[in-house]
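A short worksheet on the structure shown next.
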Amino acid sequence: MKNLTLINICLSFFALAVAQTPAPDQNKRILLYGGIAHLGNGEVIENSLIILEGGKILTIEDASNIRIDISDAEYHDVIGKHVYPGFILPNTTLGLADIDAVRATKDFDEVGEFNPHIRSIIAYNTDSPVIPTVRTNGVLIGQITPRGGMVSGTSSLVEFDAWNYEDALYKEDDAIHVNWPEKRISFVEHDHKKNHDDEYEKDLSEIKSFFNRAKSYVKSSGKKTDLALEAMKGVFTGSKQLFFHVRTVKGIKSAVLFAKKLNLDNFVLVGADDAWRVADFLAENEVPVVLNRIHRLPMRKNEDVDVAYKTPKILQDAGVLFCLDYEGDMERMGARNLPFTAGTSVAYGLSKEEALMSITLNAAKILKVDNSLGSLEEGKDATLIVSEGDALDVMSNNISLAFIRGKKLELNNHQIDLFNKYKKRHKEFSEEE
């Protein structure tokens, strides 16, 4: 009976989802006139002219004293509105699961401990009803990331508007994700602490052994193909990044020194709750960080309750390249709140443009796509949004236009549909009274 109930909930959820047709390719020049353009690199143009053509940004400049011909273009008056690069969401399982309580909808954790050859893009569901909810808050690009095991698998970057995963692909197989072994953090003394230490040493030994085998495999020739080790080749040749998922000071230092010992410099730390404690170490070693969701409680009972909120400012001041993710409980449903985590960092010391960079250009740099994404610059992809107010502010965020490579997106989701449905019903009741 319980299983039947869950299935019915699942079917009802999908029945409510909005069936949206992906936007067609841009076939006409688009002009955005008069908006406050936040370029994503720290600069702002108060009165901008942005021209999109062929999926690229053809022009972005100050619109003052410029005469333009709009006869052959799709014209949008965005005077007083805010224009931003599309927000980028790294390290997410969006599209790999829909309802946590229904196992059949989850496809992000593979059996086994060492799975670098498991590619998350194959399981990515472009029809997930959660995806439109993040688009309506300006999140247009995501790094679809597997979970579980010691080596979870390989992620890919996607655009959040596509017919299928092949169409969604933006950067294929960009990084391999490693869950670095760490000792457990406990608020009380545990009777079996020694067992935990033994388990930690065993995991650490296994993961180091796997990397050594992978390095030897890359150097060898003529051996029988090993799919897992074959997938690791890109890490040693530089075509793939290595993302270490790690939280504590000891774990952070251990992972960084391990990568350095293997002569790897194409790696990133993910999560890194303790990054604020070792900011100078990270800066000295030029280690980029995908910072764990800052809307969370501290990791230890003796830490400041707002330590996560303060971490972006600490890393910024130390010169660490970082961006924000939304990993954690309800990470897919809550992913639309990514811009508001950046907004929180403003309240704790970052400027608005620095906070914006943490979900745009910084993220693009860390994901190695800053040549085409992350900022409003001529020649880059026309992936951008227009908000009626400050997009980092939960009260004024209201995305009215969104484009992915010049394609104008439909900004709707099942939650908006339900709001309009019951708003109409409430109005009917009021009229009857």
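Letters for chains follow the order of the structure tokens (A, B, ...), residue numbers begin at 1 for each chain, and ligand numbers begin at 1 in the order shown.
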
Non-local contacts of A:Val178 (7 Å; only C-alpha atoms; under 2 positions in same chain excluded) as a list in words: Met150, Val151, Ser152, Ile176, Trp180, Phe243, Phe244 and His245 of chain A

Store the residues picked out above, limited to N, CA and C atoms, as a compact mmCIF listing (two decimals), in the first residue's frame.
```
# COMPACT_ATOMS: atom_id res chain seq x y z
N MET A 150 33.76 6.17 -3.95
CA MET A 150 34.97 6.98 -3.79
C MET A 150 35.23 7.81 -5.03
N VAL A 151 35.06 7.20 -6.19
CA VAL A 151 35.11 7.93 -7.45
C VAL A 151 33.72 7.81 -8.07
N SER A 152 32.95 8.88 -8.00
CA SER A 152 31.53 8.81 -8.35
C SER A 152 31.29 8.63 -9.83
N ILE A 176 36.03 14.44 -13.50
CA ILE A 176 35.81 13.23 -12.70
C ILE A 176 35.72 13.65 -11.24
N TRP A 180 36.85 12.44 -1.38
CA TRP A 180 38.10 12.22 -0.65
C TRP A 180 37.81 11.68 0.75
N PHE A 243 37.66 16.84 -9.61
CA PHE A 243 36.92 17.54 -8.56
C PHE A 243 36.96 16.71 -7.28
N PHE A 244 37.67 17.21 -6.26
CA PHE A 244 37.73 16.55 -4.96
C PHE A 244 36.61 17.08 -4.07
N HIS A 245 35.69 16.20 -3.69
CA HIS A 245 34.63 16.56 -2.75
C HIS A 245 35.18 16.32 -1.34
```

Which of stretch 9-210 of chain A fall in alpha helix (DSSP H), as a PyMOL selection string: chain A and resi 9-16+131-135+165-168+193-210

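You can rank A:Glu378, A:Leu257, A:Gly148, A:Tyr165 by their closest distance to A:Leu49 using only C-alpha atoms, and at the top of that list sits A:Glu378.
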
Residue set, stretch 37-231 of chain A restricted to strand (DSSP E), as a PyMOL selection string: chain A and resi 37-38+44-53+56-62+74-77+82-85+87-92+139-144+151-159+169-179

d(atom CA of A:Val289, atom CA of A:Phe322) in Å: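 Atom CA of A:Phe322 lies 4.6 Å from atom CA of A:Val289.
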
Give me the residues of stretch 61-149 of chain A that have any atom at most 12 Å from an atom of stretch 291-311 of chain A; for each, the nearest atom pair and the distance in Å, rounded to one decimal. Use only C-alpha atoms, sort by chain and number, and format it as a Markdown table.
```
| residue | atom | partner | partner_atom | distance |
| --- | --- | --- | --- | --- |
| A:Leu89 | CA | A:Arg293 | CA | 11.0 |
| A:Pro90 | CA | A:Leu291 | CA | 9.7 |
| A:Asn91 | CA | A:Asn292 | CA | 9.4 |
| A:Thr92 | CA | A:Asn292 | CA | 11.2 |
```

Would you mind exporting the chosen residues as a compact mmCIF listing (two decimals), in the first residue's frame, restricted to N, CA and C atoms?
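Listed below is the output, again.txt:
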```txt
# COMPACT_ATOMS: atom_id res chain seq x y z
N LEU A 89 25.12 26.79 -12.36
CA LEU A 89 24.98 25.94 -11.19
C LEU A 89 25.92 24.74 -11.28
N PRO A 90 27.06 24.76 -10.59
CA PRO A 90 27.96 23.61 -10.61
C PRO A 90 27.52 22.53 -9.63
N ASN A 91 28.03 21.31 -9.83
CA ASN A 91 27.87 20.24 -8.85
C ASN A 91 26.42 20.02 -8.45
N THR A 92 25.59 19.63 -9.42
CA THR A 92 24.17 19.43 -9.14
C THR A 92 23.68 18.09 -9.69
```

Within 6 Å of A:His117 using only C-alpha atoms, minus same-chain residues under 4 positions, as a PyMOL selection string: chain A and resi 153+228+231

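Every protein or nucleic acid residue with an atom no more than 9 Å from A:Lys183, counting only C-alpha atoms and leaving out same-chain residues fewer than 5 positions away, appears here: A:His196, A:Asp197, A:Glu199, A:Tyr200, A:Glu201, A:Thr248, A:Lys250, A:Gly251.
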
Distance query A:Leu409 at most 12 Å, only C-alpha atoms, self and fewer than 2 positions along chain excluded, as an NGL selection string: :A and (20-26 or 86 or 132 or 135-136 or 138-140 or 159-162 or 383-386 or 399-407 or 411-413)

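For the choices A:Lys352, A:Arg332, A:Lys313, A:His414, the atom-to-atom distance to A:Asp390 is smallest for A:Lys352 when using only C-alpha atoms.
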
Residues within 12 Å of A:Gln241, only C-alpha atoms, excluding chain neighbours under 2 positions, as a ChimeraX atom specification: /A:116,153-156,172-178,231-239,243-244,259,264-269,288,366-368
